[in-house]
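The block underneath contains the structure these notes are about, expressed in structure tokens.
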Amino acid sequence: MSEKPDLQMSDLEAGNFSYPEDYAFNAGYGITDKTIDYISDVKNDPDWIRAFRHRALEIFQKKPNPTHWASHDLDNIHFDKIRYYLAKGQQASRNWEDVPDDIKKTFERLGIPEKERKFLAGVEAQFDSEAAYSNMQKVLSDQGVLFVGSTEGLQKYPEIFRPWFGKVIPTGDNKYSALNSAVFSGGSFIYVPKGVKVKHPLQAYFRINAEQFGQFERTLIIADEGAELTYMEGCTAPKFETATLHSAVVELVALKGAKIQYITVQNWSANVFNLVTKRAMAMEEAEVKWIDCNIGSRLTMKYPGVILKGRKARGEVLSIALAHDGQHQDTGAKMIHAADETTSNIIAKSISIGSGRSSYRGLVHIPKHLKNCKNNTECDALLINPQSRTDTYPAITVRGEGNSVQHEASVSKVSAEQIFYMQQRGLTEAQAMSLSVNGFVNDLVSQFPIEYSVELKRLIDLEMEGSVG
Amino acid sequence: MNLVIEDLHATIQGSEILRGLSLSIPKGQVHALMGPNGSGKSTLAKVLAGHPDYEVTAGRVLLDGQNIMDLPPDARARLGLFLAFQYPSEIPGVTIANFIRSALQARLPEGEEMDAVDFYQTLYKRMDELEMDRAFTSRSVNDGFSGGEKKRCEILQMSMLNPSYAILDETDSGLDIDALRVVSEGVNRLKGPGLGALVITHYQRLLNYIVPDVVHVMVQGRIVRSGGRELALELEEKGYDWIIKECGDPVAA
């Protein structure tokens with residue numbers, strides 16, 4: 001591919017380029033115990049991780065695809081035609097200068113170093129299986145903040161890493177969490193010490209460069225008592241003819257009074273199966289907020305959750321999904337109340353364009369013995385075209401006195417009259433659509449950090465531009 | 001410089017609503033279009049603006065000499081055609097300020113950005129003139145507005161977009177006397193050599209405030225009579241029946 005940056009290229013296409021494969025480490029196609037041993041050898045895993053991986057593989061192989069409730073498109077993933085580990089090396093550089101040339105160019109084209117200079121406290125950039133770059137402001141490391149890859153985390157800081165690893169999301173949670181547990185590589189390990197508030201966001205960027213490949217990053221974030229942080233992740237991949245798999249596991253632990261905000265803007269190319277398990281545990285008076293925006297991918301299945309384990313813990317999921325032709329955004333949220341006076345809030349908005357399909361799945365669980373728990377759930381769907389589709393599958397179990405739940409759902413359409421009205425003011429049909437859609441998500445987006453709301457608005461504009469014709 | 005409608009025929013779902021309508025509005029003049037319910041006044045407004053539900057089967061419309069019949073609604077708007085809607089649409093989540101700004105931005109060449117300070121200064125001035133609370137800028141377009149608020153919002157947009165030809169479709173409907181005064185004053189401020197206006201109304205009342213140069217009467221899809229202001233007064237006094245009788249049934253004719 002040409003290396004000339006094309007400034008006219010739209011942002012949706014901006015991720016659609018790749019460099020020739022040149023990997024020192026390649027686990028080959030398919031997944032067996034040998035694949036696991038290859039990965040463990042290369043990564044120099046401690047024995048407990050090697051054992052953890054082998055056990056996970058067994059669970060993965062035993063579990064069927066959950067097609068009794070989920071999309072049958074899952075059956076189109078051919079696990080024997082995927083490569084599970086591809087890397088140039090296992091050490092992430094601290095300087096952009098030391099990053100291999102093609103990887104550096106990739107991230108420069110995606111604007112990562114520029115964003116780091118502008119508003120980020122730290123960046124980790126993963127290229128296929130391993131992070132190529134990882135750096136954080138010195139002031140944070142001086143305060144004891146850790147922001148490293150998962151391998152470095154488990155090797156260097158086992159005393160913090162091991163007690164929580166796999167505890168929020170057990171290996172057998174689902175087929176894809178088991179797969180991740182077997183072959184995980186990359187992702188972030190973050191620890192913020194007691195009382196430390198990280199003002200600027202820490203960002204991870206995930207890039208798939210190779211065809212017929214699976215990316216399985218593993219992220220564990222621990223905010224100690226009273227600590228605060230915001231973590232943002234972005235992702236892109238080139239458009240390949242064959243399916244690519246992205247299957248991450250993200251575990252968050254917010255100890256007493258801690259606050260974690262986790263923001264995702266998912267913009268995978270339309271051949272990527274994005275099957276991700278994300279869950280947080282919130283202790284007493286802790287707050288966890290997931291902001292989850294899904295724009296790309298072929299099929300996304302992702303239901304960020306919070307286990308509200310301590311009294312007065314608070315969980316929130318703000319979710320936006322945009323499903324275009326041939327895409328299925330199957331997203332939602334899980335709120336498991338496990339202590340008194342816990343509150344949770346879910347606001348999910350989806351937009352279906354053309355033959356795109358969006359599904360909302362929500363799980364809210366408040367058991368009988370708890371007191372004064374509250375959940376609020378709102379899910380709104382916007383349909384752009386007559387063939388667009390949306391489904392809602394709420395599962396709410398609320399028992400016990402003094403617990404309350406509120407659930408609202410709406411489906412609306414962009415009306416021809418509304419578009420005509422806007423066109424009469426001089427906006428093109430695409431601009432009118434885009435403004436309508438932005439209006440639909442506006443109350444949600446205005447709660448996002450400004451850098452992300454601007455980026456999201458631009459992505460919506462570009463999606464809408466291609467959707468009318 | 002004028003807006004010329006020549007022998008316009010238009011149908012919706014196969015039934016003909018405009019049946020050979022001709023009209024010319026020179027820039028600088030205000031024309032009133034009156035007629036009984038169902039005569040096709042609102043259809044004319046929508047067809048001029050390019051509403052996709054209507055099919056133009058014959059005739060054409062020239063805006064300063066340019067045939068606009070093949071242009072999409074937004075291109076007509078950018079050429080300077082404005083329609084104040086009888087029933088303006090609601091756009092949830094999009095603020096008035098953002099909407100007007102986007103509409104103005106759509107008129108600028110690519111890459112050129114509007115000056116935000118100038119924009120807000122002008123917007124506030126126009127809102128003051130229309131006796132609109134500034135808090136309106138952050139409300140969603142027409143969302144939950146009263147009838148009067150919607151009409152004021154239409155005139156606000158008109159004053160910001162500065163059209164060369166404006167069609168006001170029953171702008172007086174649903175207005176109390178105070179709102180009628182404010183809205184009419186708003187339109188009168190925009191009158192001048194740079195604007196040609198077609199004021200569509202069922203009642204003479206509005207024309208006490210917005211004084212027309214020419215009055216047209218429309219019956220069954222055509223103009224059946226044109227005259228001065230006195231024609232409007234005559235219609236108010238006698239109703240529409242006499243003119244329908246006098247002209248006969250234009251379809252049967």
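Identifiers in this document derive from the order of the structure tokens: chains are assigned A, B, ..., residues are numbered from 1 separately in each chain, and ligands are numbered from 1 in order of occurrence.
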
What residues in chain A lie within 6 Å of chain B, counting only C-alpha atoms, written as a list in words? Gln418, Gln423, Gln424, Arg425, Gly426, Leu427, Thr428, Gly439, Phe440 and Asn442 of chain A

Using C-alpha atoms, can you write the selected residues to a file as a tab-separated table (two decimals), in the first residue's frame?
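And here's result-v2.tsv as it stands now:
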chain	number	residue	atom	x	y	z
A	418	GLN	CA	-38.21	16.43	9.09
A	423	GLN	CA	-33.30	20.60	3.39
A	424	GLN	CA	-35.51	23.63	2.89
A	425	ARG	CA	-33.05	25.51	5.08
A	426	GLY	CA	-30.22	24.61	2.72
A	427	LEU	CA	-28.79	21.45	4.29
A	428	THR	CA	-28.14	18.55	1.94
A	439	GLY	CA	-29.62	15.46	17.79
A	440	PHE	CA	-30.82	12.01	18.78
A	442	ASN	CA	-26.91	14.75	21.76

Spatial neighbours of stretch 142-157 of chain A, max dist 9 Å, only C-alpha atoms, sep filter under 3 positions, as an MDAnalysis selection string: chainID A and resid 43:46 49 90:92 122:124 130:131 134:139 160:162 165 184:193 196 198 202 217:220

May I have the selected residues written with N, CA and C atoms, as a compact mmCIF listing (two decimals), in the first residue's frame?
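Printed below is selection.txt as written:
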# COMPACT_ATOMS: atom_id res chain seq x y z
N LYS A 43 6.43 -15.44 25.50
CA LYS A 43 6.16 -14.37 26.46
C LYS A 43 6.82 -14.62 27.80
N ASN A 44 7.45 -15.78 27.90
CA ASN A 44 8.14 -16.11 29.15
C ASN A 44 7.17 -16.07 30.34
N ASP A 45 6.00 -16.71 30.14
CA ASP A 45 4.97 -16.72 31.17
C ASP A 45 5.43 -17.45 32.43
N PRO A 46 5.03 -16.98 33.59
CA PRO A 46 5.20 -17.80 34.80
C PRO A 46 4.29 -19.03 34.69
N ILE A 49 0.42 -18.79 34.90
CA ILE A 49 -0.26 -18.26 33.72
C ILE A 49 -0.37 -19.33 32.63
N GLN A 90 8.47 -8.49 22.02
CA GLN A 90 7.59 -8.45 23.18
C GLN A 90 7.77 -7.19 24.03
N GLN A 91 8.76 -6.37 23.69
CA GLN A 91 9.02 -5.19 24.51
C GLN A 91 8.45 -3.93 23.86
N ALA A 92 7.65 -3.20 24.62
CA ALA A 92 7.14 -1.94 24.10
C ALA A 92 8.19 -0.85 24.30
N GLY A 122 -1.07 9.42 29.26
CA GLY A 122 -0.27 8.25 28.93
C GLY A 122 -0.88 7.52 27.76
N VAL A 123 -0.03 6.81 27.00
CA VAL A 123 -0.52 6.11 25.82
C VAL A 123 0.10 4.72 25.74
N GLU A 124 -0.72 3.77 25.32
CA GLU A 124 -0.20 2.47 24.96
C GLU A 124 -0.74 2.16 23.58
N GLU A 130 1.10 -7.40 20.33
CA GLU A 130 1.86 -6.77 21.41
C GLU A 130 1.85 -5.24 21.30
N ALA A 131 2.03 -4.59 22.45
CA ALA A 131 2.15 -3.14 22.45
C ALA A 131 3.51 -2.75 21.88
N SER A 134 4.61 2.36 24.74
CA SER A 134 3.91 2.55 26.00
C SER A 134 4.63 3.63 26.77
N ASN A 135 3.92 4.65 27.14
CA ASN A 135 4.57 5.74 27.86
C ASN A 135 3.56 6.48 28.72
N MET A 136 4.05 7.05 29.79
CA MET A 136 3.18 7.79 30.70
C MET A 136 3.97 8.97 31.25
N GLN A 137 3.23 10.02 31.59
CA GLN A 137 3.89 11.20 32.16
C GLN A 137 4.66 10.81 33.43
N LYS A 138 5.83 11.42 33.58
CA LYS A 138 6.71 11.07 34.70
C LYS A 138 6.03 11.38 36.04
N VAL A 139 5.27 12.47 36.07
CA VAL A 139 4.64 12.86 37.33
C VAL A 139 3.73 11.75 37.86
N ILE A 160 0.04 -7.30 42.96
CA ILE A 160 -1.18 -6.52 42.71
C ILE A 160 -2.03 -7.19 41.64
N PHE A 161 -1.34 -7.73 40.66
CA PHE A 161 -2.01 -8.27 39.48
C PHE A 161 -2.80 -9.54 39.80
N ARG A 162 -2.12 -10.46 40.46
CA ARG A 162 -2.68 -11.81 40.58
C ARG A 162 -3.97 -11.88 41.40
N PHE A 165 -6.76 -10.70 38.88
CA PHE A 165 -6.80 -11.21 37.50
C PHE A 165 -7.80 -12.36 37.38
N PHE A 184 -4.50 -14.71 25.54
CA PHE A 184 -4.41 -13.26 25.69
C PHE A 184 -2.97 -12.75 25.54
N SER A 185 -2.89 -11.56 24.97
CA SER A 185 -1.61 -10.88 24.83
C SER A 185 -1.90 -9.40 24.65
N GLY A 186 -1.08 -8.56 25.28
CA GLY A 186 -1.30 -7.12 25.16
C GLY A 186 -2.41 -6.66 26.07
N GLY A 187 -2.92 -5.47 25.80
CA GLY A 187 -3.88 -4.84 26.70
C GLY A 187 -3.14 -4.09 27.79
N SER A 188 -3.87 -3.49 28.70
CA SER A 188 -3.22 -2.65 29.70
C SER A 188 -3.38 -3.21 31.11
N PHE A 189 -2.35 -2.97 31.90
CA PHE A 189 -2.49 -3.17 33.33
C PHE A 189 -2.26 -1.81 33.99
N ILE A 190 -3.27 -1.37 34.72
CA ILE A 190 -3.18 -0.05 35.35
C ILE A 190 -3.45 -0.19 36.84
N TYR A 191 -2.61 0.45 37.61
CA TYR A 191 -2.88 0.53 39.05
C TYR A 191 -2.72 1.99 39.47
N VAL A 192 -3.76 2.52 40.08
CA VAL A 192 -3.67 3.89 40.61
C VAL A 192 -3.72 3.78 42.13
N PRO A 193 -2.65 4.25 42.81
CA PRO A 193 -2.58 4.09 44.27
C PRO A 193 -3.65 4.91 45.00
N VAL A 196 -4.83 8.82 44.64
CA VAL A 196 -4.24 9.53 43.49
C VAL A 196 -5.31 9.74 42.42
N VAL A 198 -5.85 10.83 38.67
CA VAL A 198 -5.18 11.07 37.39
C VAL A 198 -6.08 11.99 36.58
N LEU A 202 -5.79 8.31 30.29
CA LEU A 202 -4.81 7.36 29.79
C LEU A 202 -5.45 6.70 28.57
N GLU A 217 -6.52 -8.80 23.45
CA GLU A 217 -5.87 -8.07 24.55
C GLU A 217 -6.62 -8.28 25.85
N ARG A 218 -5.90 -8.08 26.93
CA ARG A 218 -6.43 -8.34 28.26
C ARG A 218 -6.13 -7.13 29.12
N THR A 219 -7.15 -6.52 29.63
CA THR A 219 -6.92 -5.30 30.41
C THR A 219 -7.43 -5.48 31.84
N LEU A 220 -6.61 -5.04 32.77
CA LEU A 220 -6.98 -5.07 34.19
C LEU A 220 -6.65 -3.70 34.78

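Nearest to A:Pro163 of all the residues A:Ile222, A:Met422, A:Leu370, A:Val276 is A:Ile222, based on only C-alpha atoms.
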
Contact residues around stretch 293-300 of chain A with only C-alpha atoms at 6 Å, ignoring same-chain residues under 5 positions, as a PyMOL selection string: chain A and resi 264-275+319-322+327-330

Which of stretch 213-417 of chain A end up as strand (DSSP E) when DSSP is run on this backbone - answer as a count of residues only? 131

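Secondary structure from DSSP on the backbone puts alpha helix (DSSP H) at the following positions of stretch 62-140 of chain A: Lys62, Asp101, Asp102, Ile103, Lys104, Lys105, Thr106, Phe107, Glu108, Arg109, Ile112, Pro113, Glu114, Lys115, Glu116, Arg117, Lys118, Phe119, Lys138, Val139 and Leu140 of chain A.
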
Writing out the chosen residues with N, CA and C atoms as a PDB file, in the first residue's frame:
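Done, and the output landed in result-v4.pdb:
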ATOM      1  N   LYS A  62     -14.853 -26.731  25.044  1.00  0.00           N
ATOM      2  CA  LYS A  62     -16.077 -27.400  25.498  1.00  0.00           C
ATOM      3  C   LYS A  62     -17.320 -26.555  25.246  1.00  0.00           C
ATOM      4  N   ASP A 101       9.607   1.029  12.195  1.00  0.00           N
ATOM      5  CA  ASP A 101       9.185   2.042  11.234  1.00  0.00           C
ATOM      6  C   ASP A 101       7.729   1.935  10.765  1.00  0.00           C
ATOM      7  N   ASP A 102       7.331   0.743  10.301  1.00  0.00           N
ATOM      8  CA  ASP A 102       5.981   0.624   9.746  1.00  0.00           C
ATOM      9  C   ASP A 102       4.926   0.808  10.840  1.00  0.00           C
ATOM     10  N   ILE A 103       5.227   0.357  12.046  1.00  0.00           N
ATOM     11  CA  ILE A 103       4.278   0.531  13.154  1.00  0.00           C
ATOM     12  C   ILE A 103       4.182   2.012  13.519  1.00  0.00           C
ATOM     13  N   LYS A 104       5.343   2.651  13.557  1.00  0.00           N
ATOM     14  CA  LYS A 104       5.367   4.082  13.875  1.00  0.00           C
ATOM     15  C   LYS A 104       4.542   4.868  12.859  1.00  0.00           C
ATOM     16  N   LYS A 105       4.737   4.524  11.589  1.00  0.00           N
ATOM     17  CA  LYS A 105       3.981   5.217  10.531  1.00  0.00           C
ATOM     18  C   LYS A 105       2.488   4.968  10.681  1.00  0.00           C
ATOM     19  N   THR A 106       2.143   3.727  11.027  1.00  0.00           N
ATOM     20  CA  THR A 106       0.726   3.396  11.236  1.00  0.00           C
ATOM     21  C   THR A 106       0.109   4.322  12.272  1.00  0.00           C
ATOM     22  N   PHE A 107       0.763   4.411  13.414  1.00  0.00           N
ATOM     23  CA  PHE A 107       0.175   5.202  14.493  1.00  0.00           C
ATOM     24  C   PHE A 107       0.253   6.701  14.218  1.00  0.00           C
ATOM     25  N   GLU A 108       1.279   7.101  13.460  1.00  0.00           N
ATOM     26  CA  GLU A 108       1.320   8.519  13.071  1.00  0.00           C
ATOM     27  C   GLU A 108       0.150   8.862  12.154  1.00  0.00           C
ATOM     28  N   ARG A 109      -0.144   7.956  11.230  1.00  0.00           N
ATOM     29  CA  ARG A 109      -1.288   8.196  10.339  1.00  0.00           C
ATOM     30  C   ARG A 109      -2.592   8.248  11.110  1.00  0.00           C
ATOM     31  N   ILE A 112      -1.936   9.245  16.706  1.00  0.00           N
ATOM     32  CA  ILE A 112      -1.763   8.923  18.124  1.00  0.00           C
ATOM     33  C   ILE A 112      -0.703   9.790  18.831  1.00  0.00           C
ATOM     34  N   PRO A 113       0.512   9.928  18.231  1.00  0.00           N
ATOM     35  CA  PRO A 113       1.504  10.745  18.961  1.00  0.00           C
ATOM     36  C   PRO A 113       1.020  12.176  19.171  1.00  0.00           C
ATOM     37  N   GLU A 114       0.282  12.689  18.189  1.00  0.00           N
ATOM     38  CA  GLU A 114      -0.217  14.054  18.278  1.00  0.00           C
ATOM     39  C   GLU A 114      -1.208  14.193  19.442  1.00  0.00           C
ATOM     40  N   LYS A 115      -2.109  13.205  19.545  1.00  0.00           N
ATOM     41  CA  LYS A 115      -3.084  13.236  20.632  1.00  0.00           C
ATOM     42  C   LYS A 115      -2.385  13.135  21.980  1.00  0.00           C
ATOM     43  N   GLU A 116      -1.323  12.328  22.027  1.00  0.00           N
ATOM     44  CA  GLU A 116      -0.604  12.168  23.288  1.00  0.00           C
ATOM     45  C   GLU A 116      -0.049  13.516  23.748  1.00  0.00           C
ATOM     46  N   ARG A 117       0.554  14.241  22.804  1.00  0.00           N
ATOM     47  CA  ARG A 117       1.107  15.546  23.161  1.00  0.00           C
ATOM     48  C   ARG A 117       0.016  16.497  23.624  1.00  0.00           C
ATOM     49  N   LYS A 118      -1.151  16.403  22.973  1.00  0.00           N
ATOM     50  CA  LYS A 118      -2.207  17.385  23.231  1.00  0.00           C
ATOM     51  C   LYS A 118      -2.928  17.192  24.557  1.00  0.00           C
ATOM     52  N   PHE A 119      -3.427  15.989  24.816  1.00  0.00           N
ATOM     53  CA  PHE A 119      -4.293  15.912  25.986  1.00  0.00           C
ATOM     54  C   PHE A 119      -4.251  14.607  26.769  1.00  0.00           C
ATOM     55  N   LYS A 138       5.830  11.422  33.581  1.00  0.00           N
ATOM     56  CA  LYS A 138       6.706  11.074  34.702  1.00  0.00           C
ATOM     57  C   LYS A 138       6.032  11.382  36.038  1.00  0.00           C
ATOM     58  N   VAL A 139       5.272  12.467  36.069  1.00  0.00           N
ATOM     59  CA  VAL A 139       4.640  12.865  37.327  1.00  0.00           C
ATOM     60  C   VAL A 139       3.726  11.755  37.863  1.00  0.00           C
ATOM     61  N   LEU A 140       3.157  10.981  36.930  1.00  0.00           N
ATOM     62  CA  LEU A 140       2.277   9.892  37.360  1.00  0.00           C
ATOM     63  C   LEU A 140       3.072   8.702  37.891  1.00  0.00           C
TER      64      LEU A 140
END

With distances taken over only C-alpha atoms, which of A:Gly332, A:Gly310, A:Pro238, A:Gly15 is nearest to A:Ile291?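 Result for the nearest residue to A:Ile291: A:Gly332.
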
Near-stretch 205-213 of chain A list (10 Å; only C-alpha atoms; drop same-chain fewer than 4 positions) as number ranges by chain: A: 15-23, 28-29, 78-86, 103, 106-107, 110, 112, 123-131, 133, 186-187, 217, 232-246, 266, 268-269, 272

Nearby residues (only C-alpha atoms) at most 8 Å from A:Asn65, same-chain spacing under 3 positions excluded, as an MDAnalysis selection string: chainID A and resid 74:75 175

Dump C-alpha atoms for the selected residues as a compact mmCIF listing (two decimals), in the first residue's frame?
# COMPACT_ATOMS: atom_id res chain seq x y z
CA LEU A 74 -20.90 -16.56 15.07
CA ASP A 75 -20.80 -19.88 13.23
CA LYS A 175 -16.84 -18.94 25.17

Atom-to-atom span, atom CA of A:Thr171 and atom CA of A:Trp48, Å: 14.0 Å
